[in-house]
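A.B. asks: upload35.txt is the file, holding compact mmCIF, C-alpha atoms:
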```txt
# COMPACT_ATOMS: atom_id res chain seq x y z
CA MET A 1 39.78 16.55 -13.00
CA GLN A 2 37.54 16.03 -9.99
CA VAL A 3 33.82 16.65 -10.33
CA GLY A 4 32.01 17.43 -7.10
CA ILE A 5 28.36 17.24 -6.20
CA SER A 6 26.27 19.50 -4.04
CA TRP A 7 25.43 18.70 -0.44
CA GLN A 8 21.77 18.14 -1.38
CA GLU A 9 22.75 15.54 -3.99
CA TYR A 10 25.01 13.81 -1.47
CA ASP A 11 22.20 13.74 1.11
CA ASP A 12 19.75 12.33 -1.47
CA ASN A 13 22.24 9.61 -2.43
CA GLN A 14 22.75 8.61 1.20
CA LYS A 15 18.99 8.43 1.72
CA LEU A 16 18.60 6.24 -1.39
CA LEU A 17 21.36 3.91 -0.19
CA LEU A 18 19.65 3.62 3.19
CA GLU A 19 16.33 2.71 1.57
CA ASN A 20 18.03 0.08 -0.60
CA ALA A 21 19.52 -1.61 2.49
CA HIS A 22 16.52 -3.83 3.24
CA MET A 23 18.29 -5.86 5.91
CA LYS A 24 19.16 -2.86 8.11
CA LYS A 25 17.12 -0.52 10.28
CA SER A 26 13.76 -2.30 10.29
CA CYS A 27 11.95 0.98 11.08
CA ALA A 28 13.31 2.88 8.05
CA LYS A 29 11.45 3.24 4.77
CA LYS A 30 12.50 0.76 2.08
CA SER A 31 12.73 1.06 -1.68
CA ALA A 32 10.69 -0.99 -4.13
CA ARG A 33 12.33 -4.19 -5.39
CA GLY A 34 9.82 -5.51 -7.91
CA GLY A 35 7.60 -8.49 -7.17
CA ARG A 36 3.82 -8.68 -7.27
CA ALA A 37 3.23 -6.49 -4.21
CA LEU A 38 2.68 -2.83 -5.09
CA LEU A 39 3.40 -1.44 -1.62
CA THR A 40 6.79 -2.99 -1.01
CA GLY A 41 8.78 -0.79 1.36
CA LEU A 42 5.81 1.50 2.17
CA MET A 43 3.75 -0.51 4.67
CA ARG A 44 4.54 0.30 8.30
CA CYS A 45 3.12 -1.60 11.27
CA GLY A 46 0.73 0.50 13.33
CA ARG A 47 1.61 -1.41 16.52
CA CYS A 48 5.41 -1.53 16.68
CA GLY A 49 6.38 0.97 13.97
CA ARG A 50 8.53 -1.45 11.97
CA MET A 51 8.31 -1.79 8.21
CA MET A 52 6.19 -4.74 7.13
CA ARG A 53 7.64 -7.47 4.96
CA VAL A 54 6.07 -9.12 1.93
CA PHE A 55 5.48 -12.87 1.78
CA TYR A 56 4.42 -14.49 -1.49
CA GLY A 57 2.30 -17.58 -1.96
CA MET A 58 3.68 -20.78 -3.36
CA GLY A 59 3.30 -21.78 -6.99
CA LYS A 60 1.67 -19.56 -9.58
CA SER A 61 -0.73 -17.88 -7.20
CA ASN A 62 -0.88 -14.09 -7.30
CA ALA A 63 -1.57 -13.95 -3.57
CA HIS A 64 0.83 -12.16 -1.28
CA ARG A 65 0.72 -10.97 2.30
CA TYR A 66 2.09 -8.02 4.27
CA GLN A 67 3.43 -9.31 7.56
CA CYS A 68 5.15 -7.57 10.46
CA ARG A 69 7.53 -9.99 12.13
CA GLY A 70 7.84 -7.80 15.23
CA ASP A 71 11.07 -8.10 17.16
CA ASP A 72 12.12 -11.33 15.46
CA GLN A 73 15.67 -10.96 16.78
CA HIS A 74 14.45 -12.17 20.17
CA VAL A 75 13.12 -15.72 20.42
CA GLY A 76 9.58 -15.95 21.69
CA SER A 77 8.56 -12.41 20.83
CA GLY A 78 6.06 -13.70 18.26
CA LEU A 79 4.57 -12.04 15.20
CA CYS A 80 2.86 -8.65 15.22
CA ILE A 81 0.14 -8.18 12.57
CA GLY A 82 -0.50 -9.32 9.01
CA ILE A 83 -2.99 -8.67 6.23
CA GLY A 84 -3.65 -10.11 2.78
CA GLY A 85 -2.01 -7.94 0.13
CA VAL A 86 -4.37 -8.25 -2.84
CA ARG A 87 -7.25 -6.32 -1.25
CA VAL A 88 -4.88 -3.74 0.22
CA ASP A 89 -3.21 -3.12 -3.15
CA LYS A 90 -6.57 -2.65 -4.86
CA ALA A 91 -7.77 -0.23 -2.18
CA VAL A 92 -4.61 1.88 -2.47
CA ALA A 93 -4.85 1.76 -6.28
CA VAL A 94 -8.31 3.34 -6.03
CA GLN A 95 -6.85 6.13 -3.88
CA ILE A 96 -4.06 6.66 -6.40
CA VAL A 97 -6.62 7.15 -9.16
CA GLU A 98 -8.58 9.58 -7.00
CA ALA A 99 -5.43 11.50 -6.06
CA VAL A 100 -4.38 11.92 -9.70
CA SER A 101 -7.86 12.45 -11.13
CA ASP A 102 -8.81 15.54 -13.16
CA ARG A 103 -10.50 17.16 -10.17
CA ALA A 104 -7.49 16.57 -7.94
CA VAL A 105 -5.11 18.03 -10.53
CA GLU A 106 -7.33 21.07 -10.99
CA ALA A 107 -7.44 21.56 -7.21
CA ALA A 108 -3.63 21.30 -7.06
CA ILE A 109 -3.27 23.84 -9.86
CA PHE A 110 -5.69 26.17 -8.09
CA ALA A 111 -3.71 25.83 -4.86
CA ALA A 112 -0.47 26.54 -6.72
CA ASP A 113 -2.04 29.67 -8.24
CA GLN A 114 -3.11 30.76 -4.78
CA VAL A 115 0.43 30.32 -3.46
CA GLU A 116 1.84 32.26 -6.42
CA ARG A 117 -0.62 35.12 -5.91
CA SER A 118 0.17 35.17 -2.20
CA THR A 119 3.91 35.31 -2.94
CA LYS A 120 3.40 38.20 -5.36
CA GLU A 121 1.34 40.07 -2.80
CA ILE A 122 4.04 39.58 -0.18
CA ALA A 123 6.70 40.76 -2.66
CA ALA A 124 4.62 43.86 -3.48
CA ALA A 125 4.25 44.63 0.24
CA VAL A 126 8.02 44.22 0.74
CA GLU A 127 8.68 46.56 -2.20
CA ARG A 128 6.45 49.20 -0.61
CA ASP A 129 8.25 48.79 2.71
CA LEU A 130 11.59 49.03 0.89
CA GLU A 131 10.57 52.23 -0.81
CA SER A 132 9.49 53.70 2.54
CA ALA A 133 12.72 52.51 4.19
CA LYS A 134 14.83 54.15 1.47
CA TYR A 135 12.99 57.40 1.98
CA GLU A 136 13.60 57.19 5.74
CA ALA A 137 17.29 56.49 5.10
CA SER A 138 17.64 59.48 2.75
CA LEU A 139 15.84 61.70 5.27
CA ALA A 140 18.15 60.52 8.07
CA SER A 141 21.13 61.19 5.82
CA ARG A 142 20.07 64.79 5.15
CA ARG A 143 19.46 65.39 8.83
CA TYR A 144 22.92 64.13 9.70
CA GLU A 145 24.54 66.30 7.04
CA LEU A 146 22.78 69.47 8.33
CA VAL A 147 23.68 69.02 12.01
CA ASP A 148 26.36 71.24 13.61
CA PRO A 149 29.53 69.11 14.17
CA ALA A 150 30.03 70.89 17.48
CA LYS A 151 26.88 69.25 18.81
CA ARG A 152 28.44 65.82 19.18
CA HIS A 153 25.58 64.22 21.12
CA VAL A 154 23.02 65.25 18.50
CA ALA A 155 25.32 64.13 15.67
CA ARG A 156 25.90 60.76 17.34
CA GLU A 157 22.12 60.17 17.69
CA LEU A 158 21.43 61.17 14.08
CA GLU A 159 24.24 58.90 12.89
CA ALA A 160 22.75 55.95 14.83
CA ARG A 161 19.33 56.61 13.28
CA TRP A 162 20.92 56.76 9.82
CA ASN A 163 22.67 53.39 10.38
CA SER A 164 19.42 51.80 11.59
CA ALA A 165 17.63 53.07 8.48
CA LEU A 166 20.36 51.63 6.23
CA GLU A 167 20.20 48.25 8.03
CA ARG A 168 16.45 48.22 7.49
CA VAL A 169 16.97 48.90 3.77
CA ASN A 170 19.53 46.06 3.49
CA GLU A 171 17.21 43.64 5.31
CA LEU A 172 14.27 44.42 3.03
CA GLU A 173 16.46 44.13 -0.07
CA ARG A 174 17.67 40.68 1.01
CA ARG A 175 14.11 39.58 1.76
CA LEU A 176 12.90 40.82 -1.62
CA GLU A 177 15.76 39.04 -3.38
CA ASP A 178 14.94 35.78 -1.58
CA LEU A 179 11.32 36.05 -2.69
CA ARG A 180 12.38 36.62 -6.29
CA VAL A 181 14.74 33.61 -6.17
CA THR A 182 11.96 31.45 -4.73
CA VAL A 183 9.55 32.50 -7.46
CA ALA A 184 12.18 31.96 -10.18
CA ALA A 185 13.07 28.49 -8.83
CA ARG A 186 9.45 27.39 -8.73
CA PRO A 187 8.67 25.20 -11.78
CA LYS A 188 6.21 26.48 -14.30
CA ILE A 189 2.87 24.68 -14.25
CA ASP A 190 1.61 23.38 -17.58
CA ARG A 191 -2.11 22.94 -16.92
CA ALA A 192 -2.87 21.11 -20.16
CA ARG A 193 0.01 18.68 -19.72
CA LEU A 194 -0.90 17.85 -16.13
CA LEU A 195 -4.51 17.17 -17.07
CA GLN A 196 -3.36 14.99 -19.94
CA LEU A 197 -1.09 13.01 -17.61
CA ALA A 198 -3.97 12.47 -15.19
CA HIS A 199 -6.13 11.28 -18.08
CA ASP A 200 -3.44 8.90 -19.37
CA LEU A 201 -2.55 7.34 -16.01
CA PRO A 202 -5.18 4.52 -16.11
CA ALA A 203 -4.12 3.58 -19.64
CA VAL A 204 -0.46 3.52 -18.64
CA TRP A 205 -1.26 1.53 -15.50
CA ASN A 206 -3.25 -1.13 -17.32
CA ALA A 207 -0.98 -1.32 -20.38
CA PRO A 208 0.47 -4.80 -21.02
CA SER A 209 3.97 -3.30 -21.16
CA SER A 210 3.59 -1.71 -17.73
CA ASP A 211 5.29 -3.92 -15.15
CA THR A 212 4.98 -3.87 -11.38
CA ALA A 213 8.31 -2.08 -10.96
CA THR A 214 6.97 0.91 -12.92
CA LYS A 215 3.83 1.00 -10.79
CA GLN A 216 5.89 0.79 -7.62
CA ARG A 217 7.92 3.82 -8.73
CA LEU A 218 4.72 5.76 -9.43
CA ILE A 219 3.36 4.92 -5.99
CA HIS A 220 6.65 5.83 -4.29
CA ILE A 221 6.44 9.26 -5.92
CA LEU A 222 2.94 9.90 -4.57
CA VAL A 223 3.02 8.09 -1.22
CA GLN A 224 5.47 8.62 1.62
CA GLU A 225 4.36 5.62 3.68
CA ILE A 226 1.25 3.72 4.79
CA ILE A 227 0.49 2.95 8.45
CA CYS A 228 -1.42 -0.33 8.79
CA SER A 229 -3.52 -1.14 11.87
CA LEU A 230 -6.24 -3.70 12.59
CA ASP A 231 -9.71 -2.89 13.92
CA ASP A 232 -10.89 -6.03 15.68
CA VAL A 233 -14.36 -4.59 16.32
CA THR A 234 -15.23 -4.11 12.64
CA ASN A 235 -12.77 -6.77 11.38
CA GLU A 236 -11.11 -4.25 9.06
CA ALA A 237 -7.59 -3.20 8.19
CA VAL A 238 -7.14 0.54 8.72
CA LEU A 239 -4.66 2.10 6.28
CA LEU A 240 -3.43 5.65 6.94
CA ILE A 241 -1.84 6.89 3.70
CA HIS A 242 0.78 9.60 4.15
CA TRP A 243 0.96 11.45 0.83
CA THR A 244 4.15 13.13 -0.32
CA GLY A 245 2.50 16.55 -0.10
CA GLY A 246 1.77 16.13 3.60
CA ARG A 247 -1.90 15.13 3.42
CA HIS A 248 -3.31 11.98 5.02
CA THR A 249 -6.10 9.63 3.93
CA GLU A 250 -7.68 6.83 5.96
CA VAL A 251 -8.82 3.75 4.06
CA ARG A 252 -10.60 0.77 5.59
CA VAL A 253 -10.24 -2.62 3.93
CA PRO A 254 -12.53 -5.49 5.03
CA ARG A 255 -10.66 -8.55 6.18
CA VAL A 256 -11.60 -12.11 5.26
CA LYS A 257 -13.90 -13.52 7.91
CA THR A 258 -12.82 -16.83 9.35
CA GLY A 259 -14.88 -19.42 11.16
CA ARG A 260 -17.98 -18.91 9.01
CA TYR A 261 -19.26 -22.42 9.68
CA PRO A 262 -22.47 -21.96 11.75
CA SER A 263 -21.79 -22.69 15.40
CA ASP A 264 -25.12 -24.47 15.88
CA MET A 265 -24.19 -26.90 13.07
CA ALA A 266 -20.73 -27.71 14.42
CA PRO A 267 -20.56 -31.51 14.88
CA SER A 268 -18.55 -33.25 17.53
CA ALA A 269 -15.03 -34.31 16.69
CA VAL A 270 -15.89 -37.98 17.23
CA ASP A 271 -18.81 -37.90 14.77
CA ALA A 272 -16.73 -36.05 12.18
CA LEU A 273 -13.82 -38.49 12.43
CA GLN A 274 -16.08 -41.50 12.20
CA LYS A 275 -17.46 -40.21 8.89
CA LEU A 276 -14.24 -38.86 7.38
CA ALA A 277 -11.53 -41.21 8.65
CA GLY A 278 -10.02 -43.37 5.96
CA HIS A 279 -11.16 -41.08 3.15
CA TRP A 280 -8.63 -38.30 3.78
CA PRO A 281 -5.12 -37.99 5.28
CA ASP A 282 -4.80 -36.83 8.87
CA ARG A 283 -3.56 -33.42 7.76
CA GLN A 284 -6.67 -32.87 5.64
CA LEU A 285 -8.84 -34.10 8.51
CA ALA A 286 -7.25 -31.51 10.83
CA VAL A 287 -8.04 -28.75 8.33
CA SER A 288 -11.63 -29.93 8.00
CA LEU A 289 -12.17 -30.17 11.78
CA ASN A 290 -10.88 -26.64 12.25
CA ARG A 291 -13.07 -25.39 9.41
CA MET A 292 -16.14 -27.03 10.96
CA ARG A 293 -15.18 -25.51 14.35
CA CYS A 294 -15.07 -28.86 16.08
CA LYS A 295 -13.78 -28.52 19.61
CA SER A 296 -10.91 -30.60 20.88
CA GLY A 297 -10.80 -31.88 24.42
CA ASP A 298 -8.54 -29.07 25.65
CA GLY A 299 -10.04 -26.42 23.38
CA GLU A 300 -6.92 -26.18 21.20
CA THR A 301 -6.62 -26.19 17.42
CA TRP A 302 -6.59 -29.54 15.67
CA THR A 303 -3.24 -30.67 14.31
CA THR A 304 -2.10 -33.72 12.40
CA VAL A 305 -0.71 -35.31 15.56
CA ARG A 306 -3.91 -34.77 17.56
CA VAL A 307 -6.05 -36.18 14.75
CA ARG A 308 -3.86 -39.29 14.52
CA GLU A 309 -4.01 -39.84 18.29
CA MET A 310 -7.81 -39.40 18.36
CA ARG A 311 -8.27 -41.68 15.34
CA GLU A 312 -6.11 -44.41 16.91
CA ARG A 313 -8.02 -44.20 20.20
CA LEU A 314 -11.31 -44.61 18.33
CA GLY A 315 -9.91 -47.51 16.30
CA LEU A 316 -10.59 -45.77 12.97
CA PRO A 317 -8.68 -46.79 9.82
CA ASP A 318 -5.83 -44.76 8.39
CA TYR A 319 -6.01 -43.14 4.95
CA ASP A 320 -5.59 -45.53 2.05
CA GLU A 321 -5.38 -43.96 -1.39
CA ASN A 322 -6.27 -47.29 -3.01
CA ARG A 323 -9.46 -47.54 -1.01
CA ALA A 324 -11.51 -45.69 -3.62
CA GLY A 325 -9.99 -47.76 -6.40
CA GLY A 326 -9.39 -44.67 -8.52
CA LYS A 327 -13.12 -44.01 -8.82
CA THR A 328 -13.08 -40.65 -7.01
CA VAL A 329 -10.68 -37.70 -6.85
CA SER A 330 -10.54 -34.57 -4.76
CA LEU A 331 -12.13 -31.38 -5.97
CA CYS A 332 -8.71 -29.80 -6.41
CA LYS A 333 -7.53 -32.57 -8.74
CA ALA A 334 -10.83 -32.47 -10.61
CA ALA A 335 -10.43 -28.73 -11.21
CA GLU A 336 -6.89 -29.34 -12.46
CA GLN A 337 -8.07 -31.97 -14.91
CA LEU A 338 -10.90 -29.77 -16.16
CA GLY A 339 -8.61 -26.76 -16.61
CA ILE A 340 -10.54 -24.43 -14.31
CA CYS A 341 -9.81 -22.88 -10.93
CA LEU A 342 -10.84 -24.45 -7.64
CA GLU A 343 -13.53 -21.86 -6.91
CA SER A 344 -15.18 -22.45 -10.28
CA ALA A 345 -15.17 -26.21 -9.66
CA LYS A 346 -16.70 -25.68 -6.23
CA THR A 347 -19.41 -23.46 -7.75
CA LEU A 348 -20.26 -26.18 -10.26
CA ALA A 349 -20.41 -28.74 -7.46
CA VAL A 350 -22.71 -26.60 -5.32
CA ARG A 351 -25.03 -25.99 -8.28
CA GLY A 352 -25.12 -29.71 -9.06
CA LEU A 353 -23.48 -29.33 -12.46
CA LEU A 354 -20.43 -31.30 -11.31
CA PRO A 355 -21.31 -34.60 -9.58
CA ALA A 356 -19.56 -34.31 -6.21
CA THR A 357 -20.42 -35.45 -2.70
CA GLN A 358 -19.57 -34.49 0.88
CA ALA A 359 -19.64 -36.87 3.80
CA MET A 360 -21.00 -33.96 5.87
CA PRO A 361 -21.30 -30.16 5.53
CA GLY A 362 -17.87 -28.58 5.64
CA ALA A 363 -16.04 -31.75 4.63
CA PRO A 364 -13.93 -31.95 1.44
CA TRP A 365 -15.64 -32.76 -1.83
CA LEU A 366 -15.20 -36.06 -3.66
CA VAL A 367 -15.79 -36.12 -7.43
CA GLN A 368 -16.53 -39.19 -9.50
CA VAL A 369 -13.83 -39.72 -12.12
CA ASP A 370 -16.33 -41.01 -14.69
CA ALA A 371 -18.38 -37.80 -14.35
CA LEU A 372 -15.49 -35.66 -15.57
CA GLU A 373 -15.96 -36.98 -19.10
CA SER A 374 -19.73 -36.50 -19.22
CA GLU A 375 -21.39 -34.14 -21.68
CA ALA A 376 -23.07 -32.05 -18.96
CA VAL A 377 -19.77 -31.36 -17.19
CA ARG A 378 -18.07 -30.54 -20.47
CA ILE A 379 -20.76 -27.97 -21.34
CA ALA A 380 -20.57 -26.44 -17.86
CA VAL A 381 -16.78 -26.12 -18.13
CA GLN A 382 -17.11 -24.52 -21.58
CA ARG A 383 -19.44 -21.90 -20.11
CA VAL A 384 -16.89 -21.13 -17.39
CA VAL A 385 -14.14 -20.76 -19.99
CA ALA A 386 -16.38 -18.58 -22.18
CA ARG A 387 -16.82 -16.08 -19.35
CA ARG A 388 -13.10 -15.43 -19.20
CA PRO A 389 -11.85 -12.13 -20.68
CA LYS A 390 -10.29 -12.18 -24.12
CA ILE A 391 -6.88 -11.39 -22.66
CA TYR A 392 -7.17 -14.10 -20.00
CA ASN A 393 -3.98 -15.87 -21.06
CA ASP A 394 -2.05 -12.60 -20.96
CA ILE A 395 -3.18 -11.59 -17.47
CA GLN A 396 -3.44 -15.04 -15.89
CA TYR A 397 -0.16 -14.74 -14.03
CA ASP A 398 0.74 -11.19 -14.91
CA LYS A 399 2.01 -8.89 -12.18
CA LEU A 400 -0.75 -6.36 -12.86
CA ILE A 401 -3.56 -5.05 -10.72
CA PRO A 402 -6.02 -3.18 -12.98
CA LEU A 403 -7.43 0.05 -11.70
CA PRO A 404 -11.18 -0.19 -11.07
CA GLY A 405 -13.58 1.88 -13.11
CA PHE A 406 -11.50 1.95 -16.30
```
Give the structure from this file in structure tokens form.
C.D. replies:
Amino acid sequence: MQVGISWQEYDDNQKLLLENAHMKKSCAKKSARGGRALLTGLMRCGRCGRMMRVFYGMGKSNAHRYQCRGDDQHVGSGLCIGIGGVRVDKAVAVQIVEAVSDRAVEAAIFAADQVERSTKEIAAAVERDLESAKYEASLASRRYELVDPAKRHVARELEARWNSALERVNELERRLEDLRVTVAARPKIDRARLLQLAHDLPAVWNAPSSDTATKQRLIHILVQEIICSLDDVTNEAVLLIHWTGGRHTEVRVPRVKTGRYPSDMAPSAVDALQKLAGHWPDRQLAVSLNRMRCKSGDGETWTTVRVREMRERLGLPDYDENRAGGKTVSLCKAAEQLGICLESAKTLAVRGLLPATQAMPGAPWLVQVDALESEAVRIAVQRVVARRPKIYNDIQYDKLIPLPGF
């Protein structure tokens, strides 16, 4: 026994298969596939129109990035635009809460009531027109029956008027039936249940059992797609959210400002290398020179090769990890030994709670190994740990983005 499906079900299945094919049709909407990013398959590039891909950071970091690769099938076309995903996800999460808030649900219910009242008014008007059309048809019928058959021209005209009246009655009956079918097919609105769902959404979103895949499905129900553009004047990412109902919302997300090292304090590359060479590898020196906005001879970005060539021309020593004799470590390794994040370790170093030194402003920090075991550092680290939330271990590397305000 063969079981068939309707054409609408077939069309929906084909659309779902197309969204699941992530490697085809780069401009088509994609389905969610899990992962930390909430907007997988929804972000569309505002420059070229292609769907943006998600790139995740290495290790246990929660960072991810939405990147449009442009026309990557042609060599030399280059990348299009990219934006950090954590801030974007939080901004869209705020809009989700606002869209499903109590006020928004009440407004949607009010709009649905307005549509229902309008449909009933149209149906009542059609019923009145139908009643009038039936009267006109009966009147035309009586006129045709009373005409003298010998007057063929008059009879032919009255018969045509009678047929027109009957066609008008049939048209109004079909229109009235369509309105009744539309009203009957419209789902009943449970006001109390909708308000309860809006009230429970933050709890469901932030529940430990709620994974990213569930949140992605919720967002895919509410959002059709998101157009991402960059405003270079204000240094913001402009997100145009296309809601499923047809409405649009513009959200601006501030981008991370780069090159914040004061230009008037930027040292020369020669001075920086003379102070930092030998203490750090060439790769780390290139990062530091770019951070301090040191200019190279041709105005290009510093790379490991350029730093090595400049250092060799100046006769500066290469990096030797045994030079410090194990007395100092980098700030990153110090944070790892203390069990805190890098930003917390940097904050302690800036406040003087963690003995650390810089050869010059903008250079990497060096921490004395003996200081890591001191009582002052231990107390400072305990205060950092004490400020962590009680569920810190549960959410440390969880794929959750809590909704703000709840």
A.B. asks: Excluding same-chain residues fewer than 4 positions from Leu239 of chain A, what lies within 7 Å of it counting all atoms listed in the file, as a PyMOL selection string?
C.D. replies: chain A and resi 226-229+250-252
A.B. asks: For Met43 of chain A, find every residue with an atom within 8 Å (counting only C-alpha atoms), except residues of its own chain fewer than 3 positions away, and show them as a compact mmCIF listing (two decimals) with C-alpha atoms, keeping the file's coordinate frame.
C.D. replies:
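Listed below is the output, out-v8.txt:
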```
# COMPACT_ATOMS: atom_id res chain seq x y z
CA LEU A 39 3.40 -1.44 -1.62
CA THR A 40 6.79 -2.99 -1.01
CA MET A 51 8.31 -1.79 8.21
CA MET A 52 6.19 -4.74 7.13
CA ARG A 53 7.64 -7.47 4.96
CA TYR A 66 2.09 -8.02 4.27
CA GLU A 225 4.36 5.62 3.68
CA ILE A 226 1.25 3.72 4.79
CA ILE A 227 0.49 2.95 8.45
CA CYS A 228 -1.42 -0.33 8.79
```
A.B. asks: What does the structure give for the distance between atom CA of Val377 of chain A and atom CA of Leu353 of chain A, in Å to one decimal?
C.D. replies: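 For atom CA of Val377 of chain A relative to atom CA of Leu353 of chain A, the distance reads 6.3 Å.
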A.B. asks: Identify which of the residues A:Ala349, A:Glu300, A:Arg193, A:Thr249 lies closest to Ala371 of chain A, counting all atoms listed in the file when measuring atom-to-atom distances.
C.D. replies: A:Ala349
A.B. asks: Just the number, please: distance in Å from atom CA of Thr328 of chain A to atom CA of Leu366 of chain A, one decimal.
C.D. replies: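 That distance, rounded to one decimal, is 6.1 Å.
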A.B. asks: So how many Å separate atom CA of Gly299 of chain A and atom CA of Cys80 of chain A, to one decimal?
C.D. replies: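 Straight-line distance from atom CA of Gly299 of chain A to atom CA of Cys80 of chain A works out to 23.4 Å.
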A.B. asks: Go through A:Leu354, A:Ala124, A:Ala213, A:Ile83 one by one, measure the shortest atom-to-atom distance of each to Asn235 of chain A using all atoms listed in the file, and give the residue with the smallest value.
C.D. replies: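 Closest candidate: A:Ile83.
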A.B. asks: Taking all atoms listed in the file into account, name the residue in A:Cys68, A:Val238, A:Leu222, A:Ile96 that is nearest to Ile81 of chain A.
C.D. replies: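 Checking each candidate against Ile81 of chain A, we get A:Cys68 as the closest.
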A.B. asks: So, with only C-alpha atoms as the atoms that count, which of A:Ala111, A:Thr119, A:Asn170, A:Asp232 lies closest to Ala137 of chain A?
C.D. replies: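 Under the stated criterion, the closest residue is A:Asn170.
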A.B. asks: When you look at Trp280 of chain A with a cut-off of 9 Å (counting all atoms listed in the file), what residues show up, excluding the ones that are within fewer than 3 positions of it in the same chain? I need them as a short mmCIF file (atom, residue, chain, number, x, y, z; two decimals) with C-alpha atoms, keeping the file's coordinate frame.
C.D. replies:
```
data_model
loop_
_atom_site.label_atom_id
_atom_site.label_comp_id
_atom_site.auth_asym_id
_atom_site.auth_seq_id
_atom_site.Cartn_x
_atom_site.Cartn_y
_atom_site.Cartn_z
CA LEU A 276 -14.24 -38.86 7.38
CA ALA A 277 -11.53 -41.21 8.65
CA ARG A 283 -3.56 -33.42 7.76
CA GLN A 284 -6.67 -32.87 5.64
CA LEU A 285 -8.84 -34.10 8.51
CA ASP A 318 -5.83 -44.76 8.39
CA TYR A 319 -6.01 -43.14 4.95
CA ASP A 320 -5.59 -45.53 2.05
CA GLU A 321 -5.38 -43.96 -1.39
CA PRO A 364 -13.93 -31.95 1.44
#
```
A.B. asks: Could you list, as a ChimeraX atom specification, every residue within 7 Å of Thr244 of chain A, counting all atoms listed in the file and ignoring same-chain residues fewer than 2 positions away?
C.D. replies: /A:222-224,242,246
A.B. asks: Suppose we keep C-alpha atoms; can you now write the selection as a PDB file, in the coordinates of the input?
C.D. replies:
```pdb
ATOM      1  CA  LEU A 222       2.940   9.900  -4.570  1.00  0.00           C
ATOM      2  CA  VAL A 223       3.020   8.090  -1.220  1.00  0.00           C
ATOM      3  CA  GLN A 224       5.470   8.620   1.620  1.00  0.00           C
ATOM      4  CA  HIS A 242       0.780   9.600   4.150  1.00  0.00           C
ATOM      5  CA  GLY A 246       1.770  16.130   3.600  1.00  0.00           C
TER       6      GLY A 246
END
```
A.B. asks: Counting only C-alpha atoms, which of A:Glu159, A:Glu236, A:Asp148, A:Asp282 gets nearest to Thr303 of chain A?
C.D. replies: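 Nearest to Thr303 of chain A: A:Asp282.
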A.B. asks: With distances taken over all atoms listed in the file, which residue among A:Asp178, A:Gly46, A:Ala99, A:Asn290 lies nearest Gly245 of chain A?
C.D. replies: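 The shortest atom-to-atom distance to Gly245 of chain A comes from A:Ala99.
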A.B. asks: Quick one: residues within 7 Å of Leu179 of chain A, only C-alpha atoms, excluding same-chain residues fewer than 4 positions away - as JSON, numbers by chain?
C.D. replies: {"A": [123, 175, 183]}
A.B. asks: Emit as JSON the padded axis-aligned box for all listed atoms of segment 213-225 of chain A, 6 Å per side, with centre and edge lengths in Å to one decimal.
C.D. replies:
```
{"center_x": 5.6, "center_y": 3.9, "center_z": -4.6, "size_x": 17.4, "size_y": 24.0, "size_z": 28.6}
```
